[in-house]
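Chemist: Shown below is the structure under consideration.
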Amino acid sequence: MIGKISRRDFLKGSAATAASLALSMTFAGGFSESVVQASEDIDFDEYYTTSTEIYNEVLGEFYDAYMVSKDAETVSERYALMAVAEAKIMEAAVFLPTNSNGGSYRLTRVVPYSATTTLWGTDSDRYFTVLVTTEMISLEDYNALKALWNETRGTGTYETEARAYLEEHGYEVKDEYNLSYNTDPVTWDALATSLSADSEAIVNTYDGLMLYDIENELQPALAESYEVSEDGLTYTFHIREGVSWVDSQGREVAGVVADDFVAGMQHMMDAQGGLEYLIEGIIVNASEYISGEVTDFAEVGVEAVDDYTLVYTLEAPCSYFLTMLGYNVFAPMSRTYYESQGGKFGMEYDSSAADYNYGKSADTIAYCGPYLVTGHTEQNSIVFSANPTYWNADAVNIQTLTWKYDDGSDPTKLYNDFLNGTVDAVGLTSSILELAKSDGYFDDYASVSGTDATTFFNMYNLNRVALVNFNDGTTAPSPKTEEELERSNVAMKNVHFRRALSYATDRASMMAQVRGDELKYTNMRNSYTPWNFVSLEEDVTIDINGEATTFAAGTYYGVIMQAQLDADGIPMNVYDATADDGNGSGDGYDGIYNVDNAVAEMATAVEELAAEGVDISAENPIYLDLVYPSQVEAYTNRANAFKQSIEGALDGQIIINMVDGSDYSGWYYANYYNTYGYEQNSDINDTTGWGPDYGDPSTYLDTLLPDYAGYMTKGFGIF
């Protein structure tokens with residue numbers, strides 16, 4: 001593969017050893033082509049060793065606790081032990097959770113709950129079921145429709161009831177939906193990407209085996225039915241007959257068969273785009289194929305018994321296996337169409353080959369979903385048109401789905417676009433909230449959007465190498481000297497220094513810059529896994545610091561996490577029984593910001609770092625880089641609020657360098673688009689979040705595993 005050393009090859013140590021970088025830092029393979037020339041003389045083995053040492057020092061407690069949870073005898077015991085492990089992450093302070101999606105004022109023509117709101121997977125980005133009105137929906141009607149969903153959920157009647165309500169209240173439903181976006185897909189290959197900017201678009205072009213409906217019930221899609229063996233190891237799906245694969249022009253290229261799911265999974269494992277870890281240890285021999293120990297894909301536990309019978313064989317019973325089907329790791333792919341675009345499998349796979357075109361544009365994939373991409377101009381628009389051959393065409397409410405690009409440079413553009421009908425919903429950021437009020441729309445039409453299970457955070461780079469964006473070698477250059485870089489790297493490895501950063505971060509002030517002072521707490525999150533993501537199905541007794549502790553059935557995940565933090569004497573509130581008007585919550589308040597705690601942790605850090613030869617004072621501070629998009633006013637203001645918060649709380653012992661990334665692209669290339677830790681061009685990464693792929697806490701915690709297995713560990717500058 002040109003420009004990229006595969007994870008399989010890298011872990012087998014195939015890269016040559018040559019020399020290390022300045023400051024005795026080295027970095028790993030996995031290069032974009034623009035970086036290859038600058039990375040020819042790199043000691044890959046040393047980078048792996050360094051990453052492992054840092055991981056063990058910083059996240060070793062989490063890893064040990066998490067491995068214990070893997071051996072739990074029951075699902076509830078696993079949940080409880082995972083909560084204990086996550087408490088160790090919070091104590092390590094490798095990142096600071098900040099917020100979820102949603103929780104902001106908005107004006108909308110989109111009917112609530114007309115797309116699934118299930119917390120995991122990508123089904124919530126499928127828009128074919130959405131109901132959109134020609135007129136702005138009033139706050140009164142919006143709340144009535146939400147109440148209607150709660151009343152009808154599970155009956156299969158919400159859409160019918162919602163349509164009746166809309167007609168009765170004078171609304172007209174249209175068949176077009178226009179929304180804004182700020183990042184173009186890098187690839188149209190659903191199986192070779194783990195970036196939400198890609199999958200959110202691509203998911204509208206294919207169906208999975210099963211899909212969550214608008215009432216959040218799992219329904220048959222390309223699989224009409226399934227059976228599970230008594231031992232829980234074999235899942236047999238019966239594929240719907242008569243479904244077609246078509247090209248972007250709507251011309252049939254093949255029929256959907258069971259083998260398309262086999263081809264899709266092999267391609268996903270070959271491409272290693274960041275999805276493959278999801279099925280490691282789940283499907284028989286998946287890990288072995290990914291590592292190269294098994295080269296015959298027929299030995300992997302996915303088989304097309306015949307054209308319409310698909311069988312998955314698991315290594316062990318997996319209580320959440322069906323919840324994984326809504327994510328693109330299980331997407332089908334037409335084997336014949338893939339091969340017609342130059343695609344190959346196994347050791348012959350080579351995405352850099354001259355004749356390899358699959359997924360490079362929306363015209364080089366096959367479609368079996370509700371939409372065809374009929375137009376895509378980068379940084380302009382993406383147009384999805386209803387697929388006339390779609391097997392479930394009667395369920396498609398939106399015939400034309402149009403994404404319109406907005407770079408964020410004009411804070412009022414989306415508001416004006418909404419008023420003139422160019423887009424069908426707009427969030428009322430702090431920049432336009434007053435406009436909506438003065439124009440008379442706020443009181444009667446502004447609703448608060450719901451939050452989801454995505455968690456965003458500030459990630460701390462423990463092993464900073466890059467001082468400029470990797471994609472072009474010029475964007476977002478750091479002002480730091482090599483000495484300042486070395487000092488900050490040593491400081492970032494100190495847990496008390498990192499805790500001081502977290503305690504000193506006034507997240508409410510930051511969020512107020514984006515959504516206004518009134519809603520600054522609405523989507524605030526205090527843990528990685530949402531506090532209420534799962535709850536115990538039965539009473540469970542586990543050991544917390546040597547004491548047998550029993551948690552009753554129904555206890556939320558966050559309650560157990562808090563119990564471990566309290567036992568360890570760490571003053572963080574990831575669950576507060578008094579929050580949400582006494583109902584208890586882990587969201588909607590700041591359970592971490594505390595200047596006194598920040599000062600105390602910083603004092604300890606200063607003492608410990610002095611023993612390592614790093615003296616810190618207001619006269620000799622630690623400099624940390626934060627990249628921000630200067631073209632986007634709200635995020636510029638948020639970065640400034642962060643800077644003021646840290647420097648004010650810690651009396652200038654830490655100075656935040658605001659590094660201009662110019663626009664969304666420069667900001668994302670500093671952190672979000674990176675593949676390996678060495679590419680992280682910041683000390684604090686605030687571009688990244690994680691949404692769950694399936695209904696188990698491991699969907700979050702697995703992202704923090706070592707040895708290139710965890711998708712998020714790269715954000716710490718390792719692996």
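In the structure tokens, chains take letters A, B, ... by order of appearance, with residues numbered from 1 within each chain and ligands from 1 in the order shown.
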Which residues come within 12 Å of Leu139 of chain A, counting only C-alpha atoms, excluding same-chain residues fewer than 6 positions away, as a ChimeraX atom specification?
Modeler: /A:105-109,111-112,145-146,441-449
Chemist: Take the residues from that selection and put them in a file with C-alpha atoms, as a PDB file, in the first residue's frame.
Modeler:
```
ATOM      1  CA  TYR A 105     -32.162  26.093  21.067  1.00  0.00           C
ATOM      2  CA  ARG A 106     -33.256  25.614  17.498  1.00  0.00           C
ATOM      3  CA  LEU A 107     -35.904  26.533  14.982  1.00  0.00           C
ATOM      4  CA  THR A 108     -37.082  23.641  12.878  1.00  0.00           C
ATOM      5  CA  ARG A 109     -39.465  22.235  10.314  1.00  0.00           C
ATOM      6  CA  VAL A 111     -40.910  16.610  13.175  1.00  0.00           C
ATOM      7  CA  PRO A 112     -39.337  15.218  16.380  1.00  0.00           C
ATOM      8  CA  LEU A 145     -45.464  15.676  19.097  1.00  0.00           C
ATOM      9  CA  LYS A 146     -42.773  14.619  21.574  1.00  0.00           C
ATOM     10  CA  TYR A 441     -39.402  33.765  16.619  1.00  0.00           C
ATOM     11  CA  PHE A 442     -37.858  32.708  19.907  1.00  0.00           C
ATOM     12  CA  ASP A 443     -40.759  32.589  22.351  1.00  0.00           C
ATOM     13  CA  ASP A 444     -43.185  30.711  20.101  1.00  0.00           C
ATOM     14  CA  TYR A 445     -40.866  28.534  17.997  1.00  0.00           C
ATOM     15  CA  ALA A 446     -37.558  27.836  19.747  1.00  0.00           C
ATOM     16  CA  SER A 447     -37.372  24.281  21.101  1.00  0.00           C
ATOM     17  CA  VAL A 448     -34.448  22.630  22.846  1.00  0.00           C
ATOM     18  CA  SER A 449     -32.997  19.730  20.880  1.00  0.00           C
TER      19      SER A 449
END
```
Chemist: Can you tell me, as a list in words, what residues are no more than 12 Å from Gly695 of chain A when counting only C-alpha atoms, ignoring any on the same chain fewer than 3 positions away?
Modeler: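 My reading of the contact set: Val75, Tyr79, Thr118, Leu119, Trp120, Gly121, Cys318, Ser319, Tyr320, Phe321, Leu322, Thr323, Met324, Leu325, Gly326, Tyr327, Ala453, Thr529, Pro530, Asn532, Phe533, Val534, Ser535, Gly691, Pro692, Ser698, Thr699 and Tyr700 of chain A.
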Chemist: Just checking: using only C-alpha atoms, which residue out of A:Ser194, A:Asn420, A:Ser502, A:Thr636 ends up closest to Phe457 of chain A?
Modeler: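 Going through A:Ser194, A:Asn420, A:Ser502, A:Thr636 one by one, the smallest distance to Phe457 of chain A is for A:Ser502.
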Chemist: If you count only C-alpha atoms, which residues fall within 12 Å of Met269 of chain A, apart from same-chain ones fewer than 6 positions away, as a PyMOL selection string?
Modeler: chain A and resi 6-8+191-193+262-263+275-280+283+285-292+294-295+297+300+329-330+345-347+349
Chemist: Counting only C-alpha atoms, what are the residues of segment 396-449 of chain A within 12 Å of segment 373-387 of chain A, and for each of them which pair of atoms is the nearest and at what distance in Å, to one decimal? Sort the table by chain and rising number, as JSON lines.
Modeler:
```
{"residue": "A:Val396", "atom": "CA", "partner": "A:Ala386", "partner_atom": "CA", "distance": 7.6}
{"residue": "A:Asn397", "atom": "CA", "partner": "A:Ala386", "partner_atom": "CA", "distance": 9.3}
{"residue": "A:Ile398", "atom": "CA", "partner": "A:Ala386", "partner_atom": "CA", "distance": 7.5}
{"residue": "A:Gln399", "atom": "CA", "partner": "A:Ala386", "partner_atom": "CA", "distance": 4.9}
{"residue": "A:Thr400", "atom": "CA", "partner": "A:Ser385", "partner_atom": "CA", "distance": 4.8}
{"residue": "A:Leu401", "atom": "CA", "partner": "A:Phe384", "partner_atom": "CA", "distance": 4.9}
{"residue": "A:Thr402", "atom": "CA", "partner": "A:Val383", "partner_atom": "CA", "distance": 4.6}
{"residue": "A:Trp403", "atom": "CA", "partner": "A:Ile382", "partner_atom": "CA", "distance": 5.0}
{"residue": "A:Lys404", "atom": "CA", "partner": "A:Ser381", "partner_atom": "CA", "distance": 4.5}
{"residue": "A:Tyr405", "atom": "CA", "partner": "A:Asn380", "partner_atom": "CA", "distance": 4.9}
{"residue": "A:Asp406", "atom": "CA", "partner": "A:Gln379", "partner_atom": "CA", "distance": 7.6}
{"residue": "A:Asp407", "atom": "CA", "partner": "A:Gln379", "partner_atom": "CA", "distance": 8.0}
{"residue": "A:Gly408", "atom": "CA", "partner": "A:Gln379", "partner_atom": "CA", "distance": 11.7}
{"residue": "A:Thr422", "atom": "CA", "partner": "A:Ser381", "partner_atom": "CA", "distance": 12.0}
{"residue": "A:Val423", "atom": "CA", "partner": "A:Ser381", "partner_atom": "CA", "distance": 11.9}
```
Chemist: Closest to Ser645 of chain A among A:Phe62, A:Tyr503, A:Tyr212, A:Tyr127, using only C-alpha atoms?
Modeler: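 Of A:Phe62, A:Tyr503, A:Tyr212, A:Tyr127, the one nearest Ser645 of chain A is A:Tyr503, counting only C-alpha atoms.
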Chemist: For the interface of segment 98-186 of chain A with segment 214-221 of chain A (cut-off 10 Å, counting only C-alpha atoms), please tabulate each contacting residue of segment 98-186 of chain A alongside its nearest pair of atoms and their separation in Å to one decimal, rows sorted by chain and increasing number, as a tab-separated table.
Modeler:
```
residue	atom	partner	partner_atom	distance
A:Pro112	CA	A:Ile214	CA	9.7
A:Tyr113	CA	A:Ile214	CA	6.1
A:Ser114	CA	A:Ile214	CA	5.6
A:Ala115	CA	A:Ile214	CA	5.1
A:Thr116	CA	A:Ile214	CA	4.0
A:Thr117	CA	A:Asn216	CA	6.5
A:Thr118	CA	A:Asn216	CA	5.5
A:Leu119	CA	A:Asn216	CA	9.1
A:Asp123	CA	A:Ile214	CA	9.7
A:Ser124	CA	A:Ile214	CA	8.8
A:Thr129	CA	A:Ile214	CA	7.6
A:Val130	CA	A:Ile214	CA	8.8
A:Trp149	CA	A:Glu215	CA	7.6
A:Asn150	CA	A:Glu215	CA	9.0
A:Thr152	CA	A:Glu215	CA	8.2
A:Arg153	CA	A:Glu215	CA	5.2
A:Gly154	CA	A:Glu215	CA	6.0
A:Thr155	CA	A:Glu215	CA	8.2
A:Gly156	CA	A:Glu215	CA	7.1
A:Thr157	CA	A:Glu215	CA	8.9
A:Tyr158	CA	A:Glu215	CA	7.3
A:Glu159	CA	A:Ile214	CA	8.1
```
Chemist: Just to confirm, what's the straight-line distance from atom CA of Met712 of chain A to atom CA of Gly103 of chain A in Å (one decimal)?
Modeler: 24.6 Å
Chemist: From segment 607-674 of chain A, collect each residue whose DSSP state is strand (DSSP E) and return the set as a list in words.
Modeler: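 Going through segment 607-674 of chain A, the strand (DSSP E) residues come out as Ile622, Tyr623, Leu624, Asp625, Leu626, Val627, Tyr628, Ile654, Ile655, Ile656, Asn657, Met658, Val659 and Asp660 of chain A.
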Chemist: Within 12 Å of Ser351 of chain A, counting only C-alpha atoms, which residues show up once you throw out same-chain ones fewer than 2 positions away? Write them as an NGL selection string, please.
Modeler: :A and (1-6 or 187 or 189 or 192 or 267 or 270-273 or 338-339 or 341-349 or 353-360)
Chemist: Could the residues in this selection be saved with C-alpha atoms as an mmCIF file, in the first residue's frame?
Modeler:
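Writing done, so here's again.cif:
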```cif
data_model
loop_
_atom_site.group_PDB
_atom_site.id
_atom_site.type_symbol
_atom_site.label_atom_id
_atom_site.label_comp_id
_atom_site.auth_asym_id
_atom_site.auth_seq_id
_atom_site.Cartn_x
_atom_site.Cartn_y
_atom_site.Cartn_z
ATOM 1 C CA MET A 1 0.000 0.000 0.000
ATOM 2 C CA ILE A 2 1.572 3.286 -1.056
ATOM 3 C CA GLY A 3 1.587 5.930 1.617
ATOM 4 C CA LYS A 4 0.233 3.655 4.318
ATOM 5 C CA ILE A 5 1.758 0.843 6.283
ATOM 6 C CA SER A 6 -1.101 -1.460 7.242
ATOM 7 C CA THR A 187 -14.362 8.314 1.117
ATOM 8 C CA ASP A 189 -16.554 3.325 1.114
ATOM 9 C CA ALA A 192 -13.089 1.586 5.078
ATOM 10 C CA HIS A 267 -13.129 -5.940 2.740
ATOM 11 C CA ASP A 270 -8.586 -5.836 4.641
ATOM 12 C CA ALA A 271 -9.062 -2.057 4.563
ATOM 13 C CA GLN A 272 -8.488 -1.633 8.314
ATOM 14 C CA GLY A 273 -10.147 1.750 8.315
ATOM 15 C CA TYR A 338 -16.349 -4.033 -5.979
ATOM 16 C CA GLU A 339 -14.223 -6.195 -8.252
ATOM 17 C CA GLN A 341 -13.886 -1.137 -9.615
ATOM 18 C CA GLY A 342 -10.483 -2.779 -9.189
ATOM 19 C CA GLY A 343 -11.114 -4.164 -5.728
ATOM 20 C CA LYS A 344 -9.310 -7.264 -4.508
ATOM 21 C CA PHE A 345 -9.343 -9.272 -1.294
ATOM 22 C CA GLY A 346 -6.834 -10.615 1.197
ATOM 23 C CA MET A 347 -3.146 -10.105 0.531
ATOM 24 C CA GLU A 348 -3.986 -8.754 -2.936
ATOM 25 C CA TYR A 349 -5.952 -5.821 -1.502
ATOM 26 C CA ALA A 353 -3.448 0.412 -7.191
ATOM 27 C CA ALA A 354 -3.881 2.378 -10.427
ATOM 28 C CA ASP A 355 -7.110 0.557 -11.272
ATOM 29 C CA TYR A 356 -8.626 0.785 -7.760
ATOM 30 C CA ASN A 357 -11.588 3.172 -7.839
ATOM 31 C CA TYR A 358 -14.011 1.766 -5.286
ATOM 32 C CA GLY A 359 -15.401 4.434 -2.952
ATOM 33 C CA LYS A 360 -13.274 7.237 -4.348
#
```
